[in-house]
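What follows is the content of entry23.cif, which has mmCIF, C-alpha atoms:
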data_entry
loop_
_atom_site.label_atom_id
_atom_site.label_comp_id
_atom_site.auth_asym_id
_atom_site.auth_seq_id
_atom_site.Cartn_x
_atom_site.Cartn_y
_atom_site.Cartn_z
CA MET A 1 166.14 -8.68 1.67
CA ALA A 2 163.20 -8.40 -0.72
CA PHE A 3 160.32 -6.14 0.24
CA GLU A 4 157.42 -8.22 1.54
CA LYS A 5 153.83 -7.14 0.97
CA ILE A 6 151.78 -8.12 3.98
CA THR A 7 148.74 -6.87 2.05
CA GLU A 8 149.29 -9.70 -0.46
CA GLN A 9 149.74 -12.52 2.04
CA PRO A 10 147.13 -15.32 2.03
CA SER A 11 143.91 -14.71 3.94
CA ASN A 12 143.59 -16.23 7.39
CA TYR A 13 140.37 -17.83 6.16
CA ARG A 14 139.96 -20.69 3.68
CA HIS A 15 137.17 -21.92 1.42
CA LEU A 16 135.17 -18.71 1.61
CA GLU A 17 132.76 -20.01 -1.02
CA LYS A 18 131.65 -22.73 1.42
CA MET A 19 130.95 -20.42 4.37
CA PRO A 20 127.31 -19.72 5.28
CA LEU A 21 126.38 -16.09 4.68
CA GLY A 22 126.13 -15.26 8.39
CA GLU A 23 129.58 -16.69 9.03
CA LEU A 24 131.01 -14.69 6.13
CA LEU A 25 129.61 -11.48 7.55
CA VAL A 26 130.82 -12.21 11.09
CA ASN A 27 134.32 -13.01 9.88
CA ILE A 28 134.53 -9.90 7.70
CA ASN A 29 133.37 -7.83 10.65
CA ASN A 30 135.92 -9.48 12.94
CA GLU A 31 138.68 -8.53 10.52
CA ASP A 32 137.37 -4.98 10.19
CA ALA A 33 137.38 -4.65 13.97
CA THR A 34 141.18 -4.94 13.97
CA VAL A 35 141.65 -1.85 11.82
CA PRO A 36 141.19 0.92 14.43
CA ALA A 37 143.88 -0.63 16.63
CA ALA A 38 146.31 -0.57 13.69
CA VAL A 39 145.42 3.07 13.01
CA LYS A 40 145.96 3.90 16.69
CA LYS A 41 149.53 2.61 16.49
CA ALA A 42 150.17 5.03 13.63
CA ILE A 43 148.86 8.16 15.40
CA PRO A 44 152.38 9.55 16.08
CA GLN A 45 153.07 9.35 12.33
CA ILE A 46 149.68 10.84 11.48
CA GLU A 47 150.26 13.71 13.90
CA LYS A 48 153.59 14.64 12.30
CA LEU A 49 152.10 14.77 8.81
CA ALA A 50 148.95 16.61 9.90
CA GLU A 51 150.99 19.23 11.76
CA ALA A 52 153.32 19.81 8.81
CA ALA A 53 150.39 19.98 6.37
CA ALA A 54 148.44 22.38 8.57
CA ASP A 55 151.46 24.69 8.75
CA LYS A 56 151.66 24.77 4.95
CA MET A 57 147.94 25.46 4.60
CA LEU A 58 147.95 28.17 7.26
CA MET A 59 150.55 29.91 5.08
CA GLY A 60 148.30 29.70 2.02
CA GLY A 61 149.30 26.32 0.61
CA ARG A 62 147.10 23.53 -0.70
CA MET A 63 146.90 19.83 0.10
CA PHE A 64 146.98 17.21 -2.66
CA TYR A 65 146.06 13.55 -2.41
CA ILE A 66 147.41 11.35 -5.20
CA GLY A 67 146.73 7.65 -5.69
CA ALA A 68 145.51 4.90 -7.98
CA GLY A 69 142.46 2.64 -7.86
CA THR A 70 140.73 2.44 -4.48
CA SER A 71 143.41 4.61 -2.88
CA GLY A 72 142.93 7.35 -5.44
CA ARG A 73 139.15 7.23 -5.08
CA LEU A 74 139.38 7.54 -1.31
CA GLY A 75 141.53 10.67 -1.71
CA ILE A 76 139.02 12.18 -4.12
CA VAL A 77 136.14 11.46 -1.71
CA ASP A 78 137.93 13.13 1.18
CA ALA A 79 138.97 16.14 -0.89
CA SER A 80 135.50 16.61 -2.38
CA GLU A 81 133.87 16.62 1.05
CA CYS A 82 135.98 19.44 2.48
CA PRO A 83 134.22 22.36 0.72
CA PRO A 84 130.63 21.43 1.66
CA THR A 85 131.56 20.40 5.19
CA TYR A 86 133.90 23.25 6.08
CA GLY A 87 133.13 25.97 3.53
CA VAL A 88 136.66 26.05 2.12
CA PRO A 89 137.39 26.76 -1.57
CA HIS A 90 137.25 23.77 -3.91
CA GLY A 91 140.91 24.16 -4.81
CA LEU A 92 142.25 23.92 -1.25
CA VAL A 93 142.20 20.12 -1.00
CA ILE A 94 142.63 18.32 -4.32
CA GLY A 95 142.35 14.62 -5.13
CA ILE A 96 144.18 13.18 -8.14
CA ILE A 97 143.74 9.63 -9.44
CA ALA A 98 145.81 7.68 -11.96
CA GLY A 99 143.88 7.53 -15.21
CA GLY A 100 142.00 10.79 -14.65
CA ASP A 101 138.30 11.31 -13.98
CA LYS A 102 137.34 8.14 -15.86
CA ALA A 103 139.20 6.11 -13.25
CA ILE A 104 136.90 7.34 -10.48
CA THR A 105 134.23 4.88 -11.65
CA THR A 106 136.06 2.62 -14.12
CA ALA A 107 139.40 0.83 -13.84
CA VAL A 108 141.94 2.26 -16.30
CA GLU A 109 144.38 -0.45 -17.30
CA PHE A 110 148.02 0.06 -16.30
CA ALA A 111 147.47 3.70 -15.29
CA GLU A 112 149.09 3.07 -11.91
CA ASP A 113 152.24 1.71 -13.57
CA ASP A 114 153.26 5.00 -15.21
CA ARG A 115 156.01 6.45 -13.03
CA GLU A 116 156.07 9.83 -14.80
CA GLN A 117 152.36 10.58 -15.09
CA GLY A 118 151.78 11.38 -11.41
CA TRP A 119 154.11 14.36 -11.54
CA LYS A 120 152.61 15.47 -14.87
CA ASP A 121 149.15 15.40 -13.31
CA LEU A 122 150.35 17.48 -10.36
CA GLN A 123 151.90 20.02 -12.71
CA THR A 124 148.49 20.79 -14.22
CA TYR A 125 147.68 22.38 -10.84
CA ASN A 126 150.94 24.35 -10.73
CA VAL A 127 151.98 22.52 -7.58
CA SER A 128 154.78 24.30 -5.70
CA ASP A 129 156.79 24.25 -2.49
CA LYS A 130 153.92 26.11 -0.80
CA ASP A 131 151.84 22.93 -1.04
CA VAL A 132 151.83 19.46 0.51
CA VAL A 133 151.37 16.24 -1.49
CA ILE A 134 150.19 13.03 0.16
CA GLY A 135 150.54 9.78 -1.74
CA ILE A 136 148.01 7.03 -1.00
CA ALA A 137 149.01 3.46 -1.87
CA ALA A 138 147.93 0.43 0.13
CA SER A 139 150.68 -1.74 -1.31
CA GLY A 140 153.31 0.95 -0.96
CA THR A 141 154.67 0.09 -4.40
CA THR A 142 152.48 2.02 -6.86
CA PRO A 143 154.83 3.56 -9.49
CA TYR A 144 152.41 6.41 -10.28
CA VAL A 145 152.51 7.56 -6.65
CA ILE A 146 156.19 6.89 -5.99
CA GLY A 147 157.27 8.83 -9.07
CA ALA A 148 155.11 11.79 -8.11
CA LEU A 149 156.50 11.94 -4.56
CA GLU A 150 160.09 11.62 -5.74
CA GLU A 151 159.67 14.52 -8.14
CA CYS A 152 158.04 16.60 -5.40
CA ARG A 153 160.93 16.01 -3.02
CA LYS A 154 163.44 17.03 -5.71
CA ARG A 155 161.65 20.37 -5.83
CA GLY A 156 161.32 20.90 -2.10
CA ILE A 157 157.61 20.12 -1.97
CA LEU A 158 156.52 18.61 1.34
CA THR A 159 155.39 14.99 0.97
CA GLY A 160 153.58 12.39 3.00
CA ASN A 161 152.06 9.00 2.30
CA ILE A 162 149.53 6.50 3.61
CA SER A 163 150.32 2.83 3.04
CA CYS A 164 149.59 -0.53 4.66
CA ASN A 165 152.96 -2.28 4.38
CA PRO A 166 155.97 -1.49 6.58
CA ASP A 167 159.14 0.00 5.10
CA SER A 168 157.60 0.29 1.65
CA PRO A 169 159.11 2.11 -1.36
CA VAL A 170 156.42 4.81 -1.17
CA SER A 171 157.36 5.50 2.45
CA ALA A 172 160.98 5.94 1.38
CA ALA A 173 159.80 8.60 -1.09
CA ALA A 174 157.92 10.63 1.55
CA ASP A 175 159.03 13.14 4.19
CA TYR A 176 156.24 12.02 6.52
CA PRO A 177 155.31 8.37 5.96
CA ILE A 178 152.26 6.80 7.60
CA GLU A 179 152.13 3.01 7.70
CA VAL A 180 148.99 1.30 8.98
CA VAL A 181 149.70 -2.43 8.93
CA VAL A 182 146.35 -4.21 9.00
CA GLY A 183 147.57 -7.65 7.94
CA PRO A 184 146.25 -9.98 5.23
CA GLU A 185 142.88 -9.20 3.74
CA PHE A 186 139.80 -11.42 4.18
CA VAL A 187 139.86 -11.99 0.42
CA THR A 188 143.56 -12.38 -0.35
CA GLY A 189 144.98 -9.18 -1.80
CA SER A 190 141.65 -7.28 -1.84
CA THR A 191 143.00 -4.06 -0.38
CA ARG A 192 139.70 -2.25 -0.84
CA MET A 193 138.74 -4.01 2.40
CA LYS A 194 140.82 -3.53 5.59
CA SER A 195 143.49 -1.43 3.87
CA GLY A 196 140.85 0.82 2.30
CA THR A 197 139.10 1.20 5.65
CA ALA A 198 142.39 2.13 7.30
CA GLN A 199 143.17 4.72 4.63
CA LYS A 200 139.70 6.23 4.96
CA LEU A 201 140.09 6.52 8.74
CA VAL A 202 143.48 8.20 8.38
CA LEU A 203 142.19 10.62 5.73
CA ASN A 204 139.29 11.51 8.04
CA MET A 205 141.75 12.23 10.83
CA ILE A 206 144.10 14.33 8.71
CA SER A 207 141.51 16.50 6.96
CA THR A 208 139.32 16.97 10.04
CA ALA A 209 142.24 17.91 12.28
CA ILE A 210 143.58 20.33 9.68
CA MET A 211 140.20 22.00 9.12
CA ILE A 212 139.88 22.51 12.87
CA GLN A 213 143.38 24.00 12.90
CA LEU A 214 142.30 26.32 10.08
CA GLY A 215 139.41 27.60 12.20
CA ARG A 216 136.64 25.97 10.21
CA VAL A 217 135.01 24.43 13.31
CA GLU A 218 133.84 26.21 16.46
CA ASP A 219 133.12 24.21 19.60
CA ASN A 220 132.11 20.96 17.87
CA LYS A 221 130.01 22.51 15.10
CA MET A 222 130.47 22.88 11.34
CA VAL A 223 129.79 26.61 11.39
CA ASN A 224 131.11 27.16 7.86
CA MET A 225 129.31 24.32 6.06
CA GLN A 226 127.69 25.03 2.72
CA LEU A 227 123.88 25.14 2.71
CA THR A 228 123.39 22.84 -0.25
CA ASN A 229 120.23 20.98 0.79
CA ASP A 230 117.29 21.11 3.20
CA LYS A 231 119.01 18.82 5.71
CA LEU A 232 122.01 21.14 5.99
CA VAL A 233 119.81 24.23 6.19
CA ASP A 234 117.90 22.61 9.05
CA ARG A 235 121.12 21.60 10.79
CA GLY A 236 122.55 25.08 10.33
CA THR A 237 119.36 26.70 11.66
CA ARG A 238 119.46 24.61 14.82
CA ILE A 239 123.17 25.32 15.35
CA LEU A 240 122.50 29.02 14.92
CA MET A 241 119.57 28.93 17.36
CA GLU A 242 121.79 27.34 19.98
CA ARG A 243 124.69 29.66 19.27
CA ILE A 244 122.80 32.96 19.51
CA LYS A 245 120.18 31.75 22.03
CA LEU A 246 117.28 32.31 19.64
CA SER A 247 114.13 30.22 20.07
CA ASP A 248 112.40 31.33 16.86
CA TYR A 249 113.24 28.68 14.21
CA GLU A 250 111.96 30.66 11.23
CA LYS A 251 113.83 33.80 12.25
CA ALA A 252 117.04 31.82 12.69
CA LYS A 253 116.53 30.15 9.32
CA SER A 254 115.98 33.52 7.65
CA LEU A 255 119.18 34.88 9.19
CA LEU A 256 121.10 31.81 8.10
CA LEU A 257 119.92 31.99 4.49
CA LYS A 258 120.57 35.71 4.35
CA HIS A 259 124.20 35.42 5.47
CA GLY A 260 125.04 32.03 3.97
CA SER A 261 126.69 30.31 6.94
CA VAL A 262 126.23 29.82 10.66
CA LYS A 263 129.37 31.77 11.43
CA LYS A 264 128.46 34.79 9.31
CA ALA A 265 124.90 34.83 10.60
CA ALA A 266 126.03 34.57 14.22
CA ASP A 267 128.62 37.32 13.79
CA ALA A 268 126.03 39.58 12.14
CA PHE A 269 123.50 38.91 14.89
CA VAL A 270 126.02 39.86 17.60
CA LEU A 271 126.88 43.02 15.76
#

Would you write out, as structure tokens, the structure that this file holds?
Amino acid sequence: MAFEKITEQPSNYRHLEKMPLGELLVNINNEDATVPAAVKKAIPQIEKLAEAAADKMLMGGRMFYIGAGTSGRLGIVDASECPPTYGVPHGLVIGIIAGGDKAITTAVEFAEDDREQGWKDLQTYNVSDKDVVIGIAASGTTPYVIGALEECRKRGILTGNISCNPDSPVSAAADYPIEVVVGPEFVTGSTRMKSGTAQKLVLNMISTAIMIQLGRVEDNKMVNMQLTNDKLVDRGTRILMERIKLSDYEKAKSLLLKHGSVKKAADAFVL
């Protein structure tokens, strides 16, 4: 039986160009509202991958996201937000996109069709069996991602994937597949919509849960966040004030800037 892409099935809506703007927005929102329920069904799969990835990272490994197009960009966004949010090194979570950096903002023709290039791109980071590699492909058929995961598995590198079609080829190439089946898109085949939203939600869940497992959050606070702008300095100051029971804002801010993070400032204050 041929593999069927639910993500490519016709939209449940017709003649979009004739819909009034308000109706368009309501219908898009109605479709988006179905995504969290689809993600919820996949939580057992998400948990297995997050647990396995956290174990690797607790032992010093890294986490790689690899994808093409929208999927690749979503991985890069999630990876790039880990250092400022949780204060981890920039090389701990790495996003790779088919076509290289240019593809982050501009479509690179046929880059996703190269089955060998994904593994080559991973090799530039000296990927090893200490690491975990997560392929992201809404369709579940992207050659760039499938080839990379297959090569990883040959070498004993832990693999996972996030896709939006059941029983897809990319899932067959992964140790820990995640399939979030959101159904046909509002605009037929436009997987940047519901599929992209689903992938973003899953990436949020995986990286956040892992960072908490790595001790980068205390209570519900980002105590290791980087102080890269006034907003974050203010947030950090207020967290520190609450944490060490200090009412003097300027003193707390001075302590924070001196030590560079809420956690370090709080530990120094206790000492």

Picked residues, the PyMOL selection byres ((chain A and resi 85-99) around 7), as a ChimeraX atom specification: /A:62-68,72-73,75-76,79,81-84,100-103,108,111-112,144,216,222,224-226

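Distances to Leu49 of chain A were evaluated for A:Cys164, A:Leu203, A:Ala107, A:Ala172 using only C-alpha atoms, and the minimum falls at A:Leu203.
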
Expected residue set, 12 Å radius at (142.3, -12.2, -0.6), only C-alpha atoms, as a list in words: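 Residues lying no farther than 12 Å from the given point: Ile6, Thr7, Glu8, Gln9, Pro10, Ser11, Asn12, Tyr13, Arg14, His15, Leu16, Ile28, Gly183, Pro184, Glu185, Phe186, Val187, Thr188, Gly189, Ser190, Thr191, Arg192, Met193, Lys194 and Ser195 of chain A.
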
Nearest to Thr106 of chain A by atom-to-atom distance, counting all atoms listed in the file, from A:Thr34, A:Thr197, A:Thr70, A:Gln45: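 Among the listed residues, A:Thr70 lies closest to Thr106 of chain A.
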
For Asp267 of chain A: contacts at 12 Å, all atoms listed in the file, fewer than 2 positions along chain excluded, given as a list of chain:residue names: A:Val223, A:Leu240, A:Arg243, A:Ile244, A:Leu255, A:Leu256, A:His259, A:Gly260, A:Ser261, A:Val262, A:Lys263, A:Lys264, A:Ala265, A:Phe269, A:Val270, A:Leu271

Could you dump the residues just selected with C-alpha atoms as a PDB file, keeping the file's coordinate frame?
ATOM      1  CA  VAL A 223     129.790  26.610  11.390  1.00  0.00           C
ATOM      2  CA  LEU A 240     122.500  29.020  14.920  1.00  0.00           C
ATOM      3  CA  ARG A 243     124.690  29.660  19.270  1.00  0.00           C
ATOM      4  CA  ILE A 244     122.800  32.960  19.510  1.00  0.00           C
ATOM      5  CA  LEU A 255     119.180  34.880   9.190  1.00  0.00           C
ATOM      6  CA  LEU A 256     121.100  31.810   8.100  1.00  0.00           C
ATOM      7  CA  HIS A 259     124.200  35.420   5.470  1.00  0.00           C
ATOM      8  CA  GLY A 260     125.040  32.030   3.970  1.00  0.00           C
ATOM      9  CA  SER A 261     126.690  30.310   6.940  1.00  0.00           C
ATOM     10  CA  VAL A 262     126.230  29.820  10.660  1.00  0.00           C
ATOM     11  CA  LYS A 263     129.370  31.770  11.430  1.00  0.00           C
ATOM     12  CA  LYS A 264     128.460  34.790   9.310  1.00  0.00           C
ATOM     13  CA  ALA A 265     124.900  34.830  10.600  1.00  0.00           C
ATOM     14  CA  PHE A 269     123.500  38.910  14.890  1.00  0.00           C
ATOM     15  CA  VAL A 270     126.020  39.860  17.600  1.00  0.00           C
ATOM     16  CA  LEU A 271     126.880  43.020  15.760  1.00  0.00           C
TER      17      LEU A 271
END

Atomic separation - atom CA of Lys120 of chain A relative to atom CA of Gln199 of chain A, Å: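 Atom CA of Lys120 of chain A lies at a distance of 24.2 Å from atom CA of Gln199 of chain A.
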
Interatomic distance (Å, one decimal) between atom CA of Asn161 of chain A and atom CA of Ile178 of chain A: 5.7 Å

Atom CA of Ser163 of chain A to atom CA of Arg115 of chain A, distance in Å rounded to a single decimal: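 Separating atom CA of Ser163 of chain A from atom CA of Arg115 of chain A is a distance of 17.4 Å.
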
For Asp230 of chain A, the nearest of the candidates A:Ile210, A:Leu257, A:Leu246, A:Ile46, counting all atoms listed in the file: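 For Asp230 of chain A, the nearest of the candidates is A:Leu257.
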
How big is the axis-aligned box around the listed atoms of segment 248-265 of chain A once 5 Å is added on each side, and where is its centre? Give both in Å to one decimal, as lines of an AutoDock Vina configuration file.
center_x = 120.7
center_y = 32.2
center_z = 10.4
size_x = 27.4
size_y = 17.0
size_z = 22.9

Point (154.7, 25.4, -3.2) neighbourhood (8 Å, all atoms listed in the file) written as a list in words: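 So the residues meeting the distance criterion are Gly61, Val127, Ser128, Asp129, Lys130, Asp131, Val132 and Ile157 of chain A.
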
Among the residues A:Lys245, A:Ile104, A:Glu218, A:Glu150, the one that comes closest to Ser71 of chain A [using all atoms listed in the file]: A:Ile104

Near-Pro177 of chain A list (10 Å; only C-alpha atoms; drop same-chain fewer than 6 positions) as number ranges by chain: A: 42, 45-46, 48-49, 134-135, 159-163, 166-168, 170-171

Export C-alpha atoms of the chosen residues as a short mmCIF file (atom, residue, chain, number, x, y, z; two decimals), in the frame of the given file?
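Saved as selection_16.cif:
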data_model
loop_
_atom_site.label_atom_id
_atom_site.label_comp_id
_atom_site.auth_asym_id
_atom_site.auth_seq_id
_atom_site.Cartn_x
_atom_site.Cartn_y
_atom_site.Cartn_z
CA ALA A 42 150.17 5.03 13.63
CA GLN A 45 153.07 9.35 12.33
CA ILE A 46 149.68 10.84 11.48
CA LYS A 48 153.59 14.64 12.30
CA LEU A 49 152.10 14.77 8.81
CA ILE A 134 150.19 13.03 0.16
CA GLY A 135 150.54 9.78 -1.74
CA THR A 159 155.39 14.99 0.97
CA GLY A 160 153.58 12.39 3.00
CA ASN A 161 152.06 9.00 2.30
CA ILE A 162 149.53 6.50 3.61
CA SER A 163 150.32 2.83 3.04
CA PRO A 166 155.97 -1.49 6.58
CA ASP A 167 159.14 0.00 5.10
CA SER A 168 157.60 0.29 1.65
CA VAL A 170 156.42 4.81 -1.17
CA SER A 171 157.36 5.50 2.45
#

Shortest interatomic distance to Glu179 of chain A - which of A:Asn29, A:Asn204, A:Ser139, A:Asn126, counting only C-alpha atoms: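 Of the candidates, the smallest distance to Glu179 of chain A is held by A:Ser139.
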
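Minimum atom-to-atom distance to Thr142 of chain A, evaluated using all atoms listed in the file, belongs to A:Phe110 out of A:Tyr125, A:Tyr249, A:Phe110, A:Tyr176.
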
Who sits within 7 Å of Trp119 of chain A, all atoms listed in the file, same chain under 3 positions skipped, as a list in words: Glu116, Leu122, Gln123, Gly147, Ala148 and Glu151 of chain A

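Look at Asp248 of chain A: the protein and nucleic acid residues within 10 Å of it, using all atoms listed in the file and passing over chain neighbours fewer than 5 places away, are Thr237, Arg238, Met241 and Lys253 of chain A.
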
Reconstruct segment 46-78 of chain A at the level of N, CA and C atoms, and format the result as a PDB file, in the coordinates of the input.
ATOM      1  N   ILE A  46     150.769  10.006  12.005  1.00  0.00           N
ATOM      2  CA  ILE A  46     149.680  10.840  11.480  1.00  0.00           C
ATOM      3  C   ILE A  46     149.800  12.257  12.015  1.00  0.00           C
ATOM      4  N   GLU A  47     150.131  12.387  13.289  1.00  0.00           N
ATOM      5  CA  GLU A  47     150.260  13.710  13.900  1.00  0.00           C
ATOM      6  C   GLU A  47     151.356  14.538  13.223  1.00  0.00           C
ATOM      7  N   LYS A  48     152.483  13.906  12.930  1.00  0.00           N
ATOM      8  CA  LYS A  48     153.590  14.640  12.300  1.00  0.00           C
ATOM      9  C   LYS A  48     153.186  15.175  10.929  1.00  0.00           C
ATOM     10  N   LEU A  49     152.522  14.328  10.146  1.00  0.00           N
ATOM     11  CA  LEU A  49     152.100  14.770   8.810  1.00  0.00           C
ATOM     12  C   LEU A  49     151.022  15.834   8.906  1.00  0.00           C
ATOM     13  N   ALA A  50     150.033  15.632   9.777  1.00  0.00           N
ATOM     14  CA  ALA A  50     148.950  16.610   9.900  1.00  0.00           C
ATOM     15  C   ALA A  50     149.471  17.961  10.353  1.00  0.00           C
ATOM     16  N   GLU A  51     150.424  17.970  11.274  1.00  0.00           N
ATOM     17  CA  GLU A  51     150.990  19.230  11.760  1.00  0.00           C
ATOM     18  C   GLU A  51     151.750  19.955  10.649  1.00  0.00           C
ATOM     19  N   ALA A  52     152.559  19.204   9.903  1.00  0.00           N
ATOM     20  CA  ALA A  52     153.320  19.810   8.810  1.00  0.00           C
ATOM     21  C   ALA A  52     152.389  20.327   7.714  1.00  0.00           C
ATOM     22  N   ALA A  53     151.339  19.561   7.403  1.00  0.00           N
ATOM     23  CA  ALA A  53     150.390  19.980   6.370  1.00  0.00           C
ATOM     24  C   ALA A  53     149.608  21.205   6.804  1.00  0.00           C
ATOM     25  N   ALA A  54     149.191  21.228   8.062  1.00  0.00           N
ATOM     26  CA  ALA A  54     148.440  22.380   8.570  1.00  0.00           C
ATOM     27  C   ALA A  54     149.294  23.649   8.501  1.00  0.00           C
ATOM     28  N   ASP A  55     150.564  23.536   8.827  1.00  0.00           N
ATOM     29  CA  ASP A  55     151.460  24.690   8.750  1.00  0.00           C
ATOM     30  C   ASP A  55     151.516  25.234   7.333  1.00  0.00           C
ATOM     31  N   LYS A  56     151.624  24.349   6.347  1.00  0.00           N
ATOM     32  CA  LYS A  56     151.660  24.770   4.950  1.00  0.00           C
ATOM     33  C   LYS A  56     150.360  25.480   4.554  1.00  0.00           C
ATOM     34  N   MET A  57     149.241  24.912   4.993  1.00  0.00           N
ATOM     35  CA  MET A  57     147.940  25.460   4.600  1.00  0.00           C
ATOM     36  C   MET A  57     147.635  26.764   5.326  1.00  0.00           C
ATOM     37  N   LEU A  58     148.117  26.900   6.540  1.00  0.00           N
ATOM     38  CA  LEU A  58     147.950  28.170   7.260  1.00  0.00           C
ATOM     39  C   LEU A  58     148.725  29.295   6.574  1.00  0.00           C
ATOM     40  N   MET A  59     149.751  28.921   5.822  1.00  0.00           N
ATOM     41  CA  MET A  59     150.550  29.910   5.080  1.00  0.00           C
ATOM     42  C   MET A  59     150.068  30.060   3.644  1.00  0.00           C
ATOM     43  N   GLY A  60     148.884  29.508   3.343  1.00  0.00           N
ATOM     44  CA  GLY A  60     148.300  29.700   2.020  1.00  0.00           C
ATOM     45  C   GLY A  60     148.490  28.563   1.046  1.00  0.00           C
ATOM     46  N   GLY A  61     149.072  27.453   1.496  1.00  0.00           N
ATOM     47  CA  GLY A  61     149.300  26.320   0.610  1.00  0.00           C
ATOM     48  C   GLY A  61     148.075  25.438   0.457  1.00  0.00           C
ATOM     49  N   ARG A  62     148.184  24.481  -0.440  1.00  0.00           N
ATOM     50  CA  ARG A  62     147.100  23.530  -0.700  1.00  0.00           C
ATOM     51  C   ARG A  62     147.558  22.125  -0.298  1.00  0.00           C
ATOM     52  N   MET A  63     146.589  21.228  -0.187  1.00  0.00           N
ATOM     53  CA  MET A  63     146.900  19.830   0.100  1.00  0.00           C
ATOM     54  C   MET A  63     146.403  18.966  -1.055  1.00  0.00           C
ATOM     55  N   PHE A  64     147.301  18.130  -1.567  1.00  0.00           N
ATOM     56  CA  PHE A  64     146.980  17.210  -2.660  1.00  0.00           C
ATOM     57  C   PHE A  64     147.011  15.779  -2.147  1.00  0.00           C
ATOM     58  N   TYR A  65     146.021  14.997  -2.571  1.00  0.00           N
ATOM     59  CA  TYR A  65     146.060  13.550  -2.410  1.00  0.00           C
ATOM     60  C   TYR A  65     146.296  12.962  -3.796  1.00  0.00           C
ATOM     61  N   ILE A  66     147.180  11.972  -3.902  1.00  0.00           N
ATOM     62  CA  ILE A  66     147.410  11.350  -5.200  1.00  0.00           C
ATOM     63  C   ILE A  66     147.507   9.842  -5.014  1.00  0.00           C
ATOM     64  N   GLY A  67     146.739   9.102  -5.819  1.00  0.00           N
ATOM     65  CA  GLY A  67     146.730   7.650  -5.690  1.00  0.00           C
ATOM     66  C   GLY A  67     146.149   7.001  -6.929  1.00  0.00           C
ATOM     67  N   ALA A  68     146.065   5.675  -6.877  1.00  0.00           N
ATOM     68  CA  ALA A  68     145.510   4.900  -7.980  1.00  0.00           C
ATOM     69  C   ALA A  68     144.459   3.941  -7.439  1.00  0.00           C
ATOM     70  N   GLY A  69     143.474   3.610  -8.263  1.00  0.00           N
ATOM     71  CA  GLY A  69     142.460   2.640  -7.860  1.00  0.00           C
ATOM     72  C   GLY A  69     141.704   3.089  -6.621  1.00  0.00           C
ATOM     73  N   THR A  70     141.463   2.147  -5.709  1.00  0.00           N
ATOM     74  CA  THR A  70     140.730   2.440  -4.480  1.00  0.00           C
ATOM     75  C   THR A  70     141.379   3.585  -3.715  1.00  0.00           C
ATOM     76  N   SER A  71     142.696   3.568  -3.617  1.00  0.00           N
ATOM     77  CA  SER A  71     143.410   4.610  -2.880  1.00  0.00           C
ATOM     78  C   SER A  71     143.165   5.987  -3.471  1.00  0.00           C
ATOM     79  N   GLY A  72     143.200   6.074  -4.785  1.00  0.00           N
ATOM     80  CA  GLY A  72     142.930   7.350  -5.440  1.00  0.00           C
ATOM     81  C   GLY A  72     141.510   7.808  -5.227  1.00  0.00           C
ATOM     82  N   ARG A  73     140.571   6.870  -5.279  1.00  0.00           N
ATOM     83  CA  ARG A  73     139.150   7.230  -5.080  1.00  0.00           C
ATOM     84  C   ARG A  73     138.908   7.724  -3.669  1.00  0.00           C
ATOM     85  N   LEU A  74     139.547   7.107  -2.700  1.00  0.00           N
ATOM     86  CA  LEU A  74     139.380   7.540  -1.310  1.00  0.00           C
ATOM     87  C   LEU A  74     139.898   8.975  -1.128  1.00  0.00           C
ATOM     88  N   GLY A  75     141.003   9.309  -1.784  1.00  0.00           N
ATOM     89  CA  GLY A  75     141.530  10.670  -1.710  1.00  0.00           C
ATOM     90  C   GLY A  75     140.567  11.669  -2.330  1.00  0.00           C
ATOM     91  N   ILE A  76     139.971  11.294  -3.451  1.00  0.00           N
ATOM     92  CA  ILE A  76     139.020  12.180  -4.120  1.00  0.00           C
ATOM     93  C   ILE A  76     137.775  12.391  -3.251  1.00  0.00           C
ATOM     94  N   VAL A  77     137.308  11.331  -2.610  1.00  0.00           N
ATOM     95  CA  VAL A  77     136.140  11.460  -1.710  1.00  0.00           C
ATOM     96  C   VAL A  77     136.449  12.433  -0.585  1.00  0.00           C
ATOM     97  N   ASP A  78     137.596  12.260   0.056  1.00  0.00           N
ATOM     98  CA  ASP A  78     137.930  13.130   1.180  1.00  0.00           C
ATOM     99  C   ASP A  78     138.086  14.582   0.733  1.00  0.00           C
TER     100      ASP A  78
END
